[in-house]
$ cat model_2.txt   # compact mmCIF, C-alpha atoms
# COMPACT_ATOMS: atom_id res chain seq x y z
CA MET A 1 0.00 0.00 0.00
CA PRO A 2 2.65 2.64 0.91
CA THR A 3 4.74 4.18 -1.83
CA ARG A 4 8.52 4.51 -1.68
CA GLY A 5 8.15 8.17 -0.70
CA ALA A 6 5.94 7.26 2.25
CA MET A 7 8.41 4.94 3.95
CA THR A 8 9.81 7.68 6.17
CA LEU A 9 6.31 8.27 7.50
CA LEU A 10 5.99 4.59 8.36
CA SER A 11 9.16 4.68 10.44
CA GLU A 12 7.76 7.59 12.45
CA ALA A 13 4.79 5.42 13.40
CA ALA A 14 6.98 2.81 15.11
CA ARG A 15 6.07 4.17 18.53
CA MET A 16 3.27 6.68 18.84
CA ARG A 17 1.26 8.42 21.51
CA ILE A 18 -2.37 7.58 20.77
CA SER A 19 -5.28 9.38 22.42
CA ILE A 20 -8.42 7.25 22.45
CA ILE A 21 -11.61 9.28 22.84
CA GLY A 22 -14.08 7.02 24.59
CA ALA A 23 -13.84 4.39 27.30
CA GLY A 24 -16.01 1.59 25.96
CA ARG A 25 -15.20 -1.87 24.64
CA VAL A 26 -13.76 -0.67 21.33
CA GLY A 27 -11.39 1.82 22.94
CA SER A 28 -10.28 -0.69 25.59
CA ALA A 29 -9.68 -3.40 23.00
CA LEU A 30 -7.58 -1.09 20.83
CA ALA A 31 -5.57 0.04 23.84
CA ARG A 32 -4.71 -3.52 24.86
CA ASN A 33 -3.64 -4.42 21.36
CA TRP A 34 -1.59 -1.31 20.58
CA ARG A 35 0.22 -1.54 23.90
CA ARG A 36 1.63 -4.88 22.75
CA SER A 37 3.33 -2.99 19.92
CA GLY A 38 4.82 -0.47 22.32
CA HIS A 39 2.48 2.44 21.65
CA GLU A 40 1.67 4.87 24.46
CA ILE A 41 -2.05 5.09 25.18
CA GLN A 42 -4.10 7.94 26.60
CA PHE A 43 -7.83 7.70 27.34
CA ALA A 44 -9.57 11.04 26.84
CA VAL A 45 -12.77 11.17 28.89
CA ARG A 46 -14.97 13.90 30.35
CA ASP A 47 -14.03 13.22 33.98
CA PRO A 48 -10.68 11.40 34.27
CA GLY A 49 -11.07 11.16 38.04
CA ALA A 50 -14.39 9.31 37.94
CA ALA A 51 -14.36 5.91 39.63
CA LYS A 52 -15.96 4.24 36.60
CA TYR A 53 -12.76 4.80 34.61
CA ALA A 54 -10.39 3.36 37.23
CA ALA A 55 -10.01 0.03 35.41
CA LEU A 56 -8.60 1.84 32.37
CA ALA A 57 -5.56 3.02 34.32
CA SER A 58 -3.83 -0.30 33.64
CA LEU A 59 -4.15 0.30 29.89
CA GLY A 60 -3.20 3.96 29.62
CA THR A 61 -3.16 7.41 31.14
CA LEU A 62 -6.51 9.03 31.90
CA ILE A 63 -6.77 12.60 30.63
CA SER A 64 -9.48 15.13 29.87
CA LEU A 65 -10.80 15.66 26.36
CA SER A 66 -9.08 19.04 26.12
CA GLU A 67 -5.73 17.33 26.83
CA ALA A 68 -6.10 14.70 24.12
CA ALA A 69 -4.68 16.52 21.10
CA PRO A 70 -1.52 18.28 22.41
CA GLY A 71 1.38 15.85 22.17
CA ALA A 72 -0.66 13.08 20.55
CA ASP A 73 0.45 11.53 17.28
CA ALA A 74 -3.00 10.14 16.53
CA LEU A 75 -6.52 10.48 17.89
CA VAL A 76 -9.07 7.67 17.79
CA LEU A 77 -12.78 8.44 17.94
CA ALA A 78 -14.22 5.42 19.77
CA THR A 79 -17.51 6.93 20.95
CA PRO A 80 -20.99 6.18 19.62
CA PHE A 81 -21.61 8.25 16.50
CA SER A 82 -24.31 10.17 18.37
CA ALA A 83 -21.65 11.48 20.79
CA ALA A 84 -19.06 12.32 18.14
CA GLU A 85 -19.88 15.98 17.56
CA ASP A 86 -19.74 16.93 21.25
CA ALA A 87 -16.51 14.96 21.69
CA ILE A 88 -14.83 16.65 18.72
CA LYS A 89 -15.83 20.09 19.98
CA ALA A 90 -14.37 19.27 23.40
CA LEU A 91 -11.02 18.31 21.87
CA GLY A 92 -10.28 21.89 20.85
CA ASP A 93 -7.77 22.55 18.09
CA ILE A 94 -6.93 19.34 16.21
CA SER A 95 -5.45 20.97 13.12
CA ASP A 96 -3.13 18.61 11.20
CA LYS A 97 -3.86 15.76 13.61
CA ILE A 98 -4.62 12.23 12.45
CA LEU A 99 -8.15 11.34 13.54
CA LEU A 100 -9.23 7.72 13.16
CA ASP A 101 -13.01 7.43 13.01
CA SER A 102 -14.20 4.00 14.20
CA THR A 103 -17.87 4.97 14.50
CA ASN A 104 -20.89 3.61 12.66
CA PRO A 105 -24.26 5.40 12.51
CA PHE A 106 -26.17 2.51 14.06
CA VAL A 107 -29.76 2.86 15.25
CA MET A 108 -32.22 0.32 16.58
CA GLY A 109 -34.91 -0.28 13.94
CA PRO A 110 -37.96 -2.54 13.82
CA ASN A 111 -35.81 -5.44 12.63
CA GLY A 112 -32.90 -4.79 14.97
CA LEU A 113 -29.71 -2.82 14.50
CA ALA A 114 -29.56 -0.79 11.28
CA LEU A 115 -27.72 2.14 9.69
CA ALA A 116 -29.35 5.53 10.30
CA PHE A 117 -28.20 6.73 6.86
CA GLY A 118 -26.01 5.66 3.96
CA HIS A 119 -25.71 5.52 0.14
CA SER A 120 -25.46 9.33 -0.21
CA ASP A 121 -23.79 10.14 3.11
CA SER A 122 -21.74 8.52 5.88
CA ALA A 123 -20.66 9.05 9.45
CA GLY A 124 -17.09 9.35 8.19
CA GLU A 125 -17.94 12.25 5.88
CA ARG A 126 -19.91 14.01 8.61
CA ILE A 127 -17.06 13.63 11.08
CA ALA A 128 -14.58 14.91 8.49
CA ALA A 129 -16.81 17.97 8.12
CA MET A 130 -16.82 18.42 11.91
CA ALA A 131 -13.00 18.38 11.92
CA PRO A 132 -12.08 20.03 8.61
CA LYS A 133 -8.49 20.85 9.60
CA ALA A 134 -7.68 17.31 10.75
CA SER A 135 -6.69 14.32 8.61
CA VAL A 136 -9.72 12.10 9.16
CA PHE A 137 -9.75 8.41 8.24
CA LYS A 138 -12.62 5.93 8.40
CA VAL A 139 -11.10 2.74 9.84
CA LEU A 140 -11.47 0.19 12.66
CA ASN A 141 -15.25 0.09 12.14
CA THR A 142 -15.78 -3.11 10.15
CA THR A 143 -15.29 -5.77 12.81
CA GLY A 144 -16.05 -6.46 16.46
CA ASP A 145 -14.14 -5.30 19.52
CA ASN A 146 -13.14 -8.95 20.14
CA ASN A 147 -11.13 -8.87 16.91
CA LEU A 148 -9.78 -5.37 17.51
CA GLY A 149 -8.34 -6.63 20.80
CA ASP A 150 -6.85 -9.83 19.35
CA SER A 151 -6.65 -10.54 15.63
CA THR A 152 -4.18 -13.44 15.94
CA ARG A 153 -6.76 -16.25 16.09
CA TYR A 154 -7.29 -16.44 12.33
CA PRO A 155 -5.31 -18.46 9.77
CA GLN A 156 -4.52 -15.27 7.86
CA LYS A 157 -4.51 -11.62 8.83
CA PRO A 158 -8.02 -10.13 8.76
CA LEU A 159 -8.54 -7.22 6.38
CA MET A 160 -8.94 -3.69 7.73
CA LEU A 161 -9.98 -1.12 5.13
CA ILE A 162 -8.97 2.55 5.35
CA ALA A 163 -10.78 5.43 3.66
CA GLY A 164 -9.47 8.99 3.77
CA ASP A 165 -8.40 11.91 1.64
CA ASP A 166 -4.91 12.60 3.03
CA ASP A 167 -2.68 10.24 1.07
CA THR A 168 0.45 11.57 2.76
CA LYS A 169 -0.71 10.35 6.19
CA LYS A 170 -2.55 7.22 5.12
CA PRO A 171 0.65 5.11 5.38
CA ILE A 172 0.87 6.02 9.09
CA VAL A 173 -2.68 4.77 9.55
CA ALA A 174 -1.76 1.62 7.63
CA GLN A 175 1.12 0.99 10.03
CA LEU A 176 -1.14 1.42 13.05
CA VAL A 177 -3.55 -1.08 11.50
CA THR A 178 -0.65 -3.47 10.87
CA ASP A 179 0.41 -3.11 14.50
CA LEU A 180 -3.05 -4.37 15.49
CA GLY A 181 -2.43 -7.52 13.46
CA PHE A 182 -4.63 -6.65 10.47
CA GLU A 183 -3.80 -6.41 6.78
CA PRO A 184 -4.39 -2.77 5.82
CA GLY A 185 -6.32 -2.11 2.64
CA ASP A 186 -6.60 1.25 0.89
CA ALA A 187 -10.33 1.83 0.31
CA GLY A 188 -9.80 5.18 -1.40
CA PRO A 189 -11.16 8.62 -0.46
CA MET A 190 -13.44 9.48 2.45
CA ILE A 191 -16.54 9.24 0.28
CA ASN A 192 -15.99 5.49 0.37
CA ALA A 193 -16.75 5.51 4.09
CA ARG A 194 -20.27 4.82 2.82
CA LEU A 195 -19.04 1.43 1.66
CA LEU A 196 -17.13 0.71 4.86
CA GLU A 197 -20.12 1.48 7.07
CA ALA A 198 -22.30 -0.85 4.99
CA HIS A 199 -19.50 -3.41 5.33
CA ALA A 200 -19.74 -2.99 9.12
CA MET A 201 -23.49 -3.55 8.98
CA LEU A 202 -22.87 -6.77 7.05
CA TRP A 203 -20.46 -8.02 9.76
CA VAL A 204 -23.07 -7.25 12.44
CA ASP A 205 -25.82 -8.99 10.47
CA LEU A 206 -23.72 -12.10 9.89
CA ALA A 207 -22.55 -12.23 13.50
CA MET A 208 -25.85 -11.50 15.20
CA LYS A 209 -28.59 -12.73 12.84
CA ARG A 210 -27.14 -15.40 10.55
CA GLY A 211 -25.61 -17.67 13.16
CA TYR A 212 -21.96 -16.99 12.37
CA GLY A 213 -21.18 -15.54 15.81
CA ARG A 214 -18.67 -12.84 16.65
CA ASN A 215 -15.53 -14.88 15.95
CA ILE A 216 -15.54 -14.04 12.25
CA ALA A 217 -13.50 -11.57 10.22
CA PHE A 218 -13.25 -10.51 6.59
CA GLY A 219 -10.09 -11.30 4.67
CA LEU A 220 -8.53 -10.50 1.31
CA LEU A 221 -7.48 -13.41 -0.90
CA ARG A 222 -5.20 -13.05 -3.91
CA ALA A 223 -4.98 -15.59 -6.72
CA VAL A 224 -1.62 -17.32 -7.21
$ encode --input "model_2.txt" --output "structure tokens"
Amino acid sequence: MPTRGAMTLLSEAARMRISIIGAGRVGSALARNWRRSGHEIQFAVRDPGAAKYAALASLGTLISLSEAAPGADALVLATPFSAAEDAIKALGDISDKILLDSTNPFVMGPNGLALAFGHSDSAGERIAAMAPKASVFKVLNTTGDNNLGDSTRYPQKPLMLIAGDDDTKKPIVAQLVTDLGFEPGDAGPMINARLLEAHAMLWVDLAMKRGYGRNIAFGLLRAV
């Protein structure tokens, strides 16, 4: 995926300070996995001193949302999509920062979990509009937190697709995905977040409604 000119960017990603916005299962799973690769983790929450966040102290430093961006090499939005706008506003200035958007616009419909919108819009595009000066990437949204925390149980590396418009920083995101044990795949510009969010809905449907269970992942096969 990376070009020859991007290799210097990949070396810079060898050890990064990552601020995870959100303290749920996705954020905790990512923290555990990235720590194995030597990355420094910060959890950005509204009240770092709250007792409910105490268990996260073993995975990373607890900080306020306003402290997340300064000094961080990458930010990860691991909140529900409905909480994304308030969280981004609370971050303050995130100009030139890498922001990984792991959200999906899920809602509970008459037939269970569904996407609130798609086809002509996406959560990724809306979040990019909320943070126009950041380098926003749709990624980490197409599988379950069980796989985000440990992707080593499969006979080949699961695929993790990346959509975003900043091609100069996409190789850094690809390295972070690799460090989680996934095979990074370039899914093109941010408009293709519409495809990735539908892909996430497919994983949920297979896991929850079709009897496949949560221990499944998508892969990329190449003919020999």
$ residues_around --input "model_2.txt" --residues "segment 110-115 of chain A" --least-positions-apart "2" --cutoff "9 Å" --atoms "all atoms listed in the file" --output "list in words"
Asn104, Pro105, Phe106, Val107, Met108, Phe117, Gly118, Glu197, Ala198, Met201, Val204 and Asp205 of chain A
$ residues_around --input "model_2.txt" --residues "Arg126 of chain A" --least-positions-apart "6" --cutoff "12 Å" --atoms "all atoms listed in the file" --output "number ranges by chain"
A: 81-82, 84-85, 88, 101, 103-105, 117-118, 120, 132, 136-138, 190-191, 193-194
$ residues_around --input "model_2.txt" --residues "Leu100 of chain A" --least-positions-apart "3" --cutoff "9 Å" --atoms "only C-alpha atoms" --output "PyMOL selection string"
chain A and resi 74-78+135-140+173
$ atom_distance --input "model_2.txt" --atom1 "atom CA of Thr168 of chain A" --atom2 "atom CA of Leu99 of chain A"
13.8 Å
$ atom_distance --input "model_2.txt" --atom1 "atom CA of Ala69 of chain A" --atom2 "atom CA of Leu196 of chain A"
25.9 Å
